[in-house]
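Student: Let me begin by handing over the structure; questions about it come next.
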Amino acid sequence: MSGIQTDSNACNDGDALSGTTARQGCSKNSDYVDHDIAQLTNLRSGPHELLSRGVPGGKKLPVSTLKMLVGREGNYTGRGRFSLADCCHVLSRYLPVNGPWWVDRMQSRAYVSQFSADGSLFVAGFQQNHIRIYNVDKGWKIQKDILAKSLRWTITDTSLSPDQRFLEIHDGLDFSHDDYDDDDEDEDELGIFSVKFSTDGRELVAASSDKSIYVYDLEAKRPSLRIPAHKSDVNTVCFADETGHLIFSGSDDHLCKVWDRRCFVTKGKAAGVLMGHLEGITFIDSHGDGRYFISNGKDQTTKLWDIRKMSSNATCTPRLRFSDWDYRWMDYPTRARALKHLHDQSLATYKGHSVLRTLIRCYFSPAYSTGQKYIYTGSSDGSLYIYDLVTRALVARRHHHKAPVRDCSWHPFYPMIITSSWDGVIARWEFPGSNEEPSRWEPIREDHAFED
């Protein structure tokens with residue numbers, strides 16, 4: 001691509017970018033993640049040691065379901081039943097990759113989708129102002145059809161309250177605040193890219209186009225905290241764990257940040273910064289333990305992070321900016337794919353999918369059925385990608401859509417994944433699958449330029 005410029009002097013202490021391969025928290029002789037999270041994942045998703053088998057001088061192999069059942073019936077472990085890890089080991093081997101079967105097809109782009117915490121409901125948001133809530137337990141019957149009010153552009157995110165009590169309430173949230181004095185952004189042009197409920201359902205955290213994070217008190221019906229968080233749009237935000245004290249955020253300034261609400265008022269700055277992405281961050285998903293999270297970046301990677309490796313501030317921000325490149329309608333420059341951040345603080349990097357055209361989302365697989373041993377993500381090539389968290393291997397890729405898969409959601413208990421695409425299709429992937437023939441007819445394809 002002509003006109004590509006790489007600023008190799010972005011940092012005073014050397015090149016910010018390098019073509020060499022990073023260790024990135026992995027063992028020297030393999031792609032395995034060599035970190036505490038690997039041991040944690042194996043403990044949550046591995047079989048009892050008396051049932052596992054190994055190859056001399058090699059790695060342990062997965063234990064067959066038959067052997068697991070024989071071991072349980074023979075009481076090899078002395079428990080007489082499967083542990084949660086045993087269950088995860090069995091269930092995680094049966095990936096929901098059969099199908100797909102269409103749940104719905106709209107005449108507008110699907111932007112977001114999400115199962116409720118108990119898996120009984122599914123919510124999807126479409127371009128313009130359409131939100132649909134489906135009853136999963138009743139054959140995906142549409143339980144509620146919502147036309148959003150006072151919407152200027154599109155629905156960029158949805159979030160179900162933990163107790164689902166806000167399903168019947170449809171009120172706009174006022175993010176203005178008398179105490180805020182910010183002349184950099186017209187309040188009327190404030191855009192919200194990401195929202196998440198706290199575990200107790202009393203608060204929302206939101207990422208905005210005015211470079212800020214908002215914490216919204218639902219009982220008081222007003223923002224309780226505004227954090228001037230980044231130097232560019234904040235594309236994604238989430239609570240780190242059920243306490244609600246820690247918040248993770250990601251921005252077009254390439255940085256992931258950690259915020260501690262308990263000390264923000266006195267310190268007025270982030271608890272820490274994590275560097276590693278070369279382009280803007282599109283989405284963050286927390287592991288739920290207040291320590292680990294993953295992020296999707298416009299540098300075409302998903303990264304795994306441990307906040308214990310964070311810095312107090314950004315020592316450098318590589319200016320990998322190709323003057324004529326825009327992720328919304330251009331491919332990622334070939335030259336950039338071999339580059340890495342010299343100060344990459346991530347534990348591991350996962351590559352293969354495409355993060356183009358829109359803010360593609362990534363997630364940990366469910367704890368109940370898989371022990372969070374997988375990372376899965378949508379992709380601008382219309383596919384679903386599933387990676388093994390520990391080995392970093394691509395374990396499944398399923399292609400069906402004719403436009404970017406912006407969002408995807410794994411059922412919290414069943415082997416089922418839903419993909420939501422800009423072709424307007426909400427598709428269901430399962431194991432073992434339905435007796436019906438998979439959906440095959442062509443979705444509507446739009447030829448005009450893509451936007452966020």
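Each chain in the structure tokens gets a letter, A, B, ..., in the order shown, and its residues are numbered from 1; ligands are numbered from 1 in order too.
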Please return as a PyMOL selection string: the residues of region 168-359 of chain A that backbone DSSP assigns to strand (DSSP E or B).
Tutor: chain A and resi 192-197+203-208+212-217+222-228+234-239+246-251+256-260+272-274+281-286+292-297+301-306+311+340-341+348-351
Student: Distance table requested - region 197-287 of chain A against region 328-337 of chain A, cut-off 12 Å, only C-alpha atoms: one row per qualifying residue with the closest atom pair and its distance in Å to one decimal, ordered by chain and rising residue number, as JSON lines.
Tutor:
```
{"residue": "A:His277", "atom": "CA", "partner": "A:Arg337", "partner_atom": "CA", "distance": 11.8}
{"residue": "A:Leu278", "atom": "CA", "partner": "A:Ala336", "partner_atom": "CA", "distance": 9.0}
{"residue": "A:Glu279", "atom": "CA", "partner": "A:Ala336", "partner_atom": "CA", "distance": 10.3}
```
Student: If you take only C-alpha atoms and a cut-off of 7 Å, which residues of region 238-278 of chain A touch region 196-208 of chain A, and what are their nearest atom pairs and distances in Å to one decimal, in chain and number order, as a Markdown table?
Tutor:
```
| residue | atom | partner | partner_atom | distance |
| --- | --- | --- | --- | --- |
| A:Cys238 | CA | A:Lys196 | CA | 5.8 |
| A:Phe239 | CA | A:Ser198 | CA | 6.7 |
| A:Glu242 | CA | A:Thr199 | CA | 5.3 |
| A:Gly244 | CA | A:Ser198 | CA | 6.2 |
```
Student: Could you pull out the alpha helix (DSSP H) residues of region 79-219 of chain A from DSSP and send them as a PyMOL selection string?
Tutor: chain A and resi 84-91
Student: Which one is closest to His400 (chain A): A:Ile417, A:Val425, A:Leu95, A:Leu190? Count only C-alpha atoms.
Tutor: A:Val425
Student: Determine, counting only C-alpha atoms, which protein, DNA and RNA residues have an atom within 8 Å of an atom of Val103 (chain A); residues of the same chain fewer than 6 positions away are not included. Present the result as a list in words.
Tutor: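 Contacts, with the query itself left out: Trp140, Val425, Ile426, Ala427 and Arg428 of chain A.
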Student: Find the residues near Trp305 (chain A): any atom within 6 Å, counting only C-alpha atoms, skip ones fewer than 6 places away on the same chain, and give them as a list of chain:residue names.
Tutor: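 My reading of the contact set: A:Tyr292, A:Phe293, A:Ser346, A:Leu347.
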Student: Write out as a ChimeraX atom specification the residues lying within 9 Å of region 245-247 of chain A, counting only C-alpha atoms and excluding same-chain residues fewer than 4 positions away.
Tutor: /A:205,237-241,257-262,290
Student: Counting only C-alpha atoms, what is within 7 Å of Asp285 (chain A), bar same-chain residues fewer than 3 positions away, as a list in words?
Tutor: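 Near Asp285 (chain A), the qualifying residues are Phe293, Ile294, Ser295, Cys362 and Tyr363 of chain A.
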Student: Only all heavy atoms, please: the residues just picked out, written as a compact mmCIF listing (two decimals), in the first residue's frame.
Tutor:
```
# COMPACT_ATOMS: atom_id res chain seq x y z
N PHE A 293 -8.40 -9.99 31.60
CA PHE A 293 -9.38 -9.61 30.60
C PHE A 293 -8.77 -9.79 29.22
O PHE A 293 -7.54 -9.96 29.07
CB PHE A 293 -9.89 -8.19 30.80
CG PHE A 293 -8.88 -7.09 30.57
CD1 PHE A 293 -8.73 -6.49 29.32
CD2 PHE A 293 -8.08 -6.63 31.61
CE1 PHE A 293 -7.82 -5.47 29.11
CE2 PHE A 293 -7.17 -5.60 31.42
CZ PHE A 293 -7.03 -5.02 30.16
N ILE A 294 -9.62 -9.79 28.19
CA ILE A 294 -9.17 -9.85 26.81
C ILE A 294 -9.66 -8.61 26.07
O ILE A 294 -10.63 -7.97 26.48
CB ILE A 294 -9.66 -11.12 26.08
CG1 ILE A 294 -11.18 -11.26 26.18
CG2 ILE A 294 -8.95 -12.35 26.61
CD1 ILE A 294 -11.75 -12.41 25.36
N SER A 295 -8.99 -8.30 24.97
CA SER A 295 -9.37 -7.13 24.17
C SER A 295 -9.20 -7.44 22.70
O SER A 295 -8.28 -8.16 22.30
CB SER A 295 -8.50 -5.92 24.55
OG SER A 295 -7.13 -6.19 24.31
N CYS A 362 -15.20 -9.66 21.27
CA CYS A 362 -14.60 -10.94 21.65
C CYS A 362 -14.98 -11.27 23.10
O CYS A 362 -15.25 -10.37 23.89
CB CYS A 362 -13.08 -10.90 21.50
SG CYS A 362 -12.27 -9.66 22.57
N TYR A 363 -14.95 -12.58 23.45
CA TYR A 363 -15.38 -13.00 24.78
C TYR A 363 -14.63 -14.25 25.25
O TYR A 363 -14.13 -15.03 24.43
CB TYR A 363 -16.89 -13.34 24.77
CG TYR A 363 -17.79 -12.23 24.33
CD1 TYR A 363 -18.16 -12.10 22.99
CD2 TYR A 363 -18.30 -11.31 25.25
CE1 TYR A 363 -19.00 -11.08 22.57
CE2 TYR A 363 -19.15 -10.30 24.84
CZ TYR A 363 -19.49 -10.18 23.50
OH TYR A 363 -20.33 -9.17 23.08
```
Student: What does the structure give for the distance between CA of Val33 (chain A) and CA of Thr243 (chain A), in Å to one decimal?
Tutor: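 Computing it gives 27.8 Å between the two atoms.
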Student: If you measure from CA of Ala270 (chain A) to CA of Ser209 (chain A), what distance in Å do you get, rounded to one decimal?
Tutor: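 Computing the Euclidean distance for CA of Ala270 (chain A) and CA of Ser209 (chain A) yields 18.3 Å.
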Student: In Å, how far is it from CA of Gln107 (chain A) to CA of Arg398 (chain A)?
Tutor: 22.9 Å
Student: For a quick check of understanding, using only C-alpha atoms, which of A:Thr156, A:Thr65, A:Ser439, A:Ser194 has the smallest distance to Gln127 (chain A)?
Tutor: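 Result for the nearest residue to Gln127 (chain A): A:Thr156.
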Student: Give me the residues within 8 Å of Ile360 (chain A) as a PyMOL selection string, counting only C-alpha atoms and dropping any in the same chain fewer than 5 places off.
Tutor: chain A and resi 282-283+296+355+377-380+405-407
Student: Output all heavy atoms for every residue in that selection, as a compact mmCIF listing (two decimals), in the first residue's frame.
Tutor:
```txt
# COMPACT_ATOMS: atom_id res chain seq x y z
N THR A 282 -11.35 -2.24 20.24
CA THR A 282 -12.77 -2.25 19.88
C THR A 282 -13.65 -2.84 20.97
O THR A 282 -14.83 -2.51 21.06
CB THR A 282 -13.00 -3.04 18.58
OG1 THR A 282 -12.65 -4.42 18.79
CG2 THR A 282 -12.16 -2.47 17.44
N PHE A 283 -13.09 -3.77 21.79
CA PHE A 283 -13.92 -4.40 22.82
C PHE A 283 -13.05 -5.02 23.90
O PHE A 283 -11.92 -5.43 23.65
CB PHE A 283 -14.82 -5.48 22.22
CG PHE A 283 -15.95 -5.91 23.12
CD1 PHE A 283 -17.02 -5.06 23.36
CD2 PHE A 283 -15.93 -7.15 23.75
CE1 PHE A 283 -18.06 -5.44 24.20
CE2 PHE A 283 -16.96 -7.54 24.59
CZ PHE A 283 -18.03 -6.67 24.82
N ASN A 296 -10.10 -6.91 21.89
CA ASN A 296 -9.95 -6.94 20.44
C ASN A 296 -9.39 -5.61 19.98
O ASN A 296 -9.79 -4.55 20.51
CB ASN A 296 -11.30 -7.19 19.75
CG ASN A 296 -11.40 -8.55 19.10
OD1 ASN A 296 -10.45 -9.33 19.12
ND2 ASN A 296 -12.54 -8.85 18.52
N VAL A 355 -10.50 -7.58 12.32
CA VAL A 355 -11.20 -6.55 13.09
C VAL A 355 -11.26 -5.30 12.22
O VAL A 355 -10.45 -4.38 12.36
CB VAL A 355 -10.50 -6.28 14.43
CG1 VAL A 355 -11.33 -5.33 15.30
CG2 VAL A 355 -10.27 -7.59 15.19
N THR A 377 -14.63 -14.91 18.99
CA THR A 377 -14.78 -13.56 18.46
C THR A 377 -15.49 -13.57 17.12
O THR A 377 -15.43 -14.56 16.37
CB THR A 377 -13.40 -12.88 18.30
OG1 THR A 377 -13.55 -11.57 17.72
CG2 THR A 377 -12.48 -13.70 17.40
N GLY A 378 -16.15 -12.48 16.81
CA GLY A 378 -16.67 -12.27 15.47
C GLY A 378 -15.54 -11.83 14.57
O GLY A 378 -14.38 -11.69 14.99
N SER A 379 -15.86 -11.59 13.32
CA SER A 379 -14.83 -11.19 12.37
C SER A 379 -15.47 -10.48 11.19
O SER A 379 -16.60 -10.78 10.82
CB SER A 379 -14.05 -12.42 11.89
OG SER A 379 -13.06 -12.08 10.94
N SER A 380 -14.72 -9.58 10.59
CA SER A 380 -15.26 -8.83 9.46
C SER A 380 -15.37 -9.67 8.20
O SER A 380 -15.98 -9.24 7.22
CB SER A 380 -14.40 -7.58 9.19
OG SER A 380 -13.05 -7.94 8.94
N VAL A 405 -19.44 -10.19 11.13
CA VAL A 405 -20.07 -10.65 12.37
C VAL A 405 -19.57 -9.73 13.47
O VAL A 405 -18.46 -9.86 13.95
CB VAL A 405 -19.71 -12.12 12.67
CG1 VAL A 405 -20.29 -12.54 14.03
CG2 VAL A 405 -20.22 -13.03 11.57
N ARG A 406 -20.41 -8.78 13.85
CA ARG A 406 -19.99 -7.78 14.83
C ARG A 406 -20.03 -8.32 16.25
O ARG A 406 -19.21 -7.95 17.09
CB ARG A 406 -20.87 -6.54 14.74
CG ARG A 406 -20.36 -5.35 15.55
CD ARG A 406 -21.30 -4.15 15.39
NE ARG A 406 -20.71 -2.95 15.97
CZ ARG A 406 -20.86 -2.57 17.22
NH1 ARG A 406 -21.56 -3.34 18.07
NH2 ARG A 406 -20.32 -1.45 17.66
N ASP A 407 -21.00 -9.21 16.53
CA ASP A 407 -21.15 -9.71 17.89
C ASP A 407 -21.51 -11.19 17.86
O ASP A 407 -22.00 -11.72 16.85
CB ASP A 407 -22.24 -8.92 18.62
CG ASP A 407 -22.08 -8.94 20.13
OD1 ASP A 407 -21.12 -9.57 20.63
OD2 ASP A 407 -22.89 -8.31 20.83
```
